[in-house]
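Trainee: What follows is data.pdb; its format and atoms are PDB, C-alpha atoms, pLDDT in the B column.
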```pdb
ATOM      1  CA  MET A   6      -0.027  22.542 -26.577  1.00 65.00           C
ATOM      2  CA  PHE A   7       3.312  21.513 -25.065  1.00 79.00           C
ATOM      3  CA  GLU A   8       1.514  19.504 -22.363  1.00 84.00           C
ATOM      4  CA  ALA A   9      -0.561  17.608 -24.944  1.00 87.00           C
ATOM      5  CA  GLN A  10       2.517  16.796 -27.022  1.00 90.00           C
ATOM      6  CA  ILE A  11       4.402  15.397 -24.053  1.00 89.00           C
ATOM      7  CA  ASN A  12       1.421  13.292 -22.996  1.00 90.00           C
ATOM      8  CA  GLN A  13       1.032  11.942 -26.552  1.00 91.00           C
ATOM      9  CA  TYR A  14       4.722  11.008 -26.602  1.00 89.00           C
ATOM     10  CA  LEU A  15       4.439   9.274 -23.225  1.00 90.00           C
ATOM     11  CA  ALA A  16       1.375   7.332 -24.390  1.00 91.00           C
ATOM     12  CA  ARG A  17       3.148   6.158 -27.572  1.00 90.00           C
ATOM     13  CA  ALA A  18       6.241   5.153 -25.622  1.00 87.00           C
ATOM     14  CA  LEU A  19       4.146   3.087 -23.198  1.00 89.00           C
ATOM     15  CA  GLU A  20       2.319   1.381 -26.080  1.00 89.00           C
ATOM     16  CA  ASP A  21       5.670   0.010 -27.221  1.00 87.00           C
ATOM     17  CA  SER A  22       6.694  -1.319 -23.810  1.00 88.00           C
ATOM     18  CA  PRO A  23       4.561  -3.789 -21.859  1.00 89.00           C
ATOM     19  CA  ARG A  24       7.175  -3.700 -19.088  1.00 89.00           C
ATOM     20  CA  ALA A  25       6.882   0.089 -18.777  1.00 88.00           C
ATOM     21  CA  ARG A  26       3.080  -0.171 -18.541  1.00 88.00           C
ATOM     22  CA  GLU A  27       3.468  -2.786 -15.815  1.00 91.00           C
ATOM     23  CA  LEU A  28       5.822  -0.501 -13.893  1.00 90.00           C
ATOM     24  CA  CYS A  29       3.378   2.414 -14.212  1.00 90.00           C
ATOM     25  CA  VAL A  30       0.657   0.306 -12.625  1.00 92.00           C
ATOM     26  CA  GLY A  31       2.998  -0.379  -9.696  1.00 92.00           C
ATOM     27  CA  LEU A  32       3.684   3.357  -9.336  1.00 93.00           C
ATOM     28  CA  GLU A  33       0.007   4.366  -9.312  1.00 93.00           C
ATOM     29  CA  GLY A  34      -0.503   7.661  -7.475  1.00 92.00           C
ATOM     30  CA  ARG A  35       3.202   8.534  -7.279  1.00 94.00           C
ATOM     31  CA  SER A  36       5.037  11.404  -8.911  1.00 93.00           C
ATOM     32  CA  ILE A  37       8.537  12.422  -9.962  1.00 91.00           C
ATOM     33  CA  GLU A  38       9.848  15.913 -10.394  1.00 91.00           C
ATOM     34  CA  MET A  39      12.790  16.495 -12.711  1.00 90.00           C
ATOM     35  CA  ASN A  40      14.920  19.605 -12.354  1.00 92.00           C
ATOM     36  CA  ILE A  41      16.763  19.798 -15.657  1.00 92.00           C
ATOM     37  CA  THR A  42      19.741  22.115 -15.952  1.00 93.00           C
ATOM     38  CA  GLY A  43      18.871  24.918 -18.356  1.00 92.00           C
ATOM     39  CA  PHE A  44      15.092  24.480 -18.062  1.00 89.00           C
ATOM     40  CA  PRO A  45      13.265  27.325 -16.297  1.00 88.00           C
ATOM     41  CA  ASN A  46      10.769  25.101 -14.449  1.00 85.00           C
ATOM     42  CA  PRO A  47      10.814  21.554 -13.130  1.00 88.00           C
ATOM     43  CA  LEU A  48       8.911  18.854 -15.018  1.00 88.00           C
ATOM     44  CA  ARG A  49       6.413  16.790 -13.024  1.00 90.00           C
ATOM     45  CA  LEU A  50       5.207  13.353 -14.108  1.00 91.00           C
ATOM     46  CA  ALA A  51       2.572  11.335 -12.264  1.00 92.00           C
ATOM     47  CA  ALA A  52       1.572   7.698 -12.640  1.00 92.00           C
ATOM     48  CA  ALA A  53      -2.195   7.243 -12.961  1.00 91.00           C
ATOM     49  CA  GLY A  54      -4.396   4.778 -14.774  1.00 89.00           C
ATOM     50  CA  GLY A  55      -1.432   2.628 -15.791  1.00 88.00           C
ATOM     51  CA  ALA A  56       0.259   5.515 -17.610  1.00 90.00           C
ATOM     52  CA  LEU A  57       2.501   8.522 -17.038  1.00 91.00           C
ATOM     53  CA  HIS A  58       1.004  11.991 -17.260  1.00 91.00           C
ATOM     54  CA  TYR A  59       2.660  15.385 -17.496  1.00 90.00           C
ATOM     55  CA  SER A  60       0.831  18.408 -16.181  1.00 75.00           C
ATOM     56  CA  GLY A  61       2.407  21.743 -16.926  1.00 65.00           C
ATOM     57  CA  ALA A  62      -0.641  23.854 -16.152  1.00 51.00           C
ATOM     58  CA  ALA A  63      -0.256  24.014 -12.368  1.00 54.00           C
ATOM     59  CA  SER A  64       2.650  25.645 -10.616  1.00 55.00           C
ATOM     60  CA  PRO A  65       4.882  22.962  -9.071  1.00 54.00           C
ATOM     61  CA  ARG A  66       4.583  24.846  -5.771  1.00 58.00           C
ATOM     62  CA  ALA A  67       0.790  24.377  -5.851  1.00 59.00           C
ATOM     63  CA  LEU A  68       1.087  20.590  -6.163  1.00 69.00           C
ATOM     64  CA  ALA A  69       1.680  18.091  -3.401  1.00 82.00           C
ATOM     65  CA  PRO A  70       5.379  17.355  -2.883  1.00 89.00           C
ATOM     66  CA  PRO A  71       6.723  14.782  -5.364  1.00 92.00           C
ATOM     67  CA  ASP A  72       7.633  11.298  -4.200  1.00 94.00           C
ATOM     68  CA  VAL A  73      11.118  11.765  -5.674  1.00 93.00           C
ATOM     69  CA  THR A  74      13.078  14.632  -7.211  1.00 93.00           C
ATOM     70  CA  VAL A  75      15.850  14.059  -9.738  1.00 93.00           C
ATOM     71  CA  SER A  76      18.182  16.867 -10.790  1.00 94.00           C
ATOM     72  CA  GLY A  77      20.810  16.969 -13.519  1.00 93.00           C
ATOM     73  CA  SER A  78      21.755  17.968 -17.034  1.00 92.00           C
ATOM     74  CA  PRO A  79      19.745  16.661 -19.979  1.00 92.00           C
ATOM     75  CA  LEU A  80      22.552  14.279 -20.973  1.00 91.00           C
ATOM     76  CA  SER A  81      22.962  12.947 -17.439  1.00 90.00           C
ATOM     77  CA  LEU A  82      19.241  12.278 -17.176  1.00 89.00           C
ATOM     78  CA  LEU A  83      19.352  10.451 -20.514  1.00 89.00           C
ATOM     79  CA  ALA A  84      22.191   8.315 -19.130  1.00 88.00           C
ATOM     80  CA  LEU A  85      19.833   7.301 -16.317  1.00 84.00           C
ATOM     81  CA  ALA A  86      17.289   6.203 -18.904  1.00 80.00           C
ATOM     82  CA  ARG A  87      19.914   3.977 -20.527  1.00 82.00           C
ATOM     83  CA  GLY A  88      20.319   2.127 -17.248  1.00 79.00           C
ATOM     84  CA  ASP A  89      23.667   3.555 -16.113  1.00 74.00           C
ATOM     85  CA  THR A  90      22.069   4.644 -12.827  1.00 84.00           C
ATOM     86  CA  ASP A  91      24.768   3.577 -10.361  1.00 85.00           C
ATOM     87  CA  ALA A  92      27.607   5.086 -12.393  1.00 84.00           C
ATOM     88  CA  VAL A  93      25.808   8.356 -13.145  1.00 83.00           C
ATOM     89  CA  ILE A  94      24.771   8.891  -9.521  1.00 85.00           C
ATOM     90  CA  ALA A  95      28.169   7.811  -8.117  1.00 86.00           C
ATOM     91  CA  GLN A  96      29.922  10.303 -10.401  1.00 86.00           C
ATOM     92  CA  GLY A  97      27.681  13.092  -9.065  1.00 86.00           C
ATOM     93  CA  HIS A  98      26.151  13.941 -12.436  1.00 84.00           C
ATOM     94  CA  VAL A  99      22.615  13.444 -11.073  1.00 90.00           C
ATOM     95  CA  ALA A 100      21.112  14.104  -7.650  1.00 89.00           C
ATOM     96  CA  VAL A 101      18.165  12.091  -6.331  1.00 88.00           C
TER
END
```
Now that the file is in, can you turn its structure into structure tokens?
Mentor:
Amino acid sequence: MFEAQINQYLARALEDSPRARELCVGLEGRSIEMNITGFPNPLRLAAAGGALHYSGAASPRALAPPDVTVSGSPLSLLALARGDTDAVIAQGHVAV
């Protein structure tokens, strides 16, 4: 259920952003793992078919290593999404 909800949200978000869809196409076959402070397990997103997909069914240890891992608090990760990447990383709030 949780997996389906996340994937529906990702699909809606991509519908609203042609630029995001374009970036997903360029990231085809790559994945990101997010270790969020306070969450028991990492979240893994993969780019495939011009979209992002979340798969929570498999253990992260059973998957191939991610192309990049990002770790931080929920608020720090949201700051990355706003585009404050250099400042957030320089201040040590997020590890890549």
Trainee: To one decimal place in Å, what is the distance between atom CA of A:Tyr59 and atom CA of A:Pro23?
Mentor: 19.8 Å
Trainee: Rounded to one decimal, what separation in Å do you get between atom CA of A:Val99 and atom CA of A:Ile37?
Mentor: 14.2 Å
Trainee: Looking at A:Asp21, A:Glu27, A:Asp72, A:Glu33, which one is nearest to A:Arg49, with distances taken over all atoms listed in the file?
Mentor: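 Nearest to A:Arg49: A:Asp72.
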Trainee: Could you list, as a ChimeraX atom specification, every residue within 12 Å of A:Leu80, counting only C-alpha atoms and ignoring same-chain residues fewer than 6 positions away?
Mentor: /A:41-43,86-87,89,93,98-99
Trainee: Out of A:Glu38, A:Pro45, A:Ala69, A:Ala52, which residue has the shortest atom-to-atom distance to A:Ala16 when counting only C-alpha atoms?
Mentor: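 Looking at the shortest contact to A:Ala16, the residue is A:Ala52.
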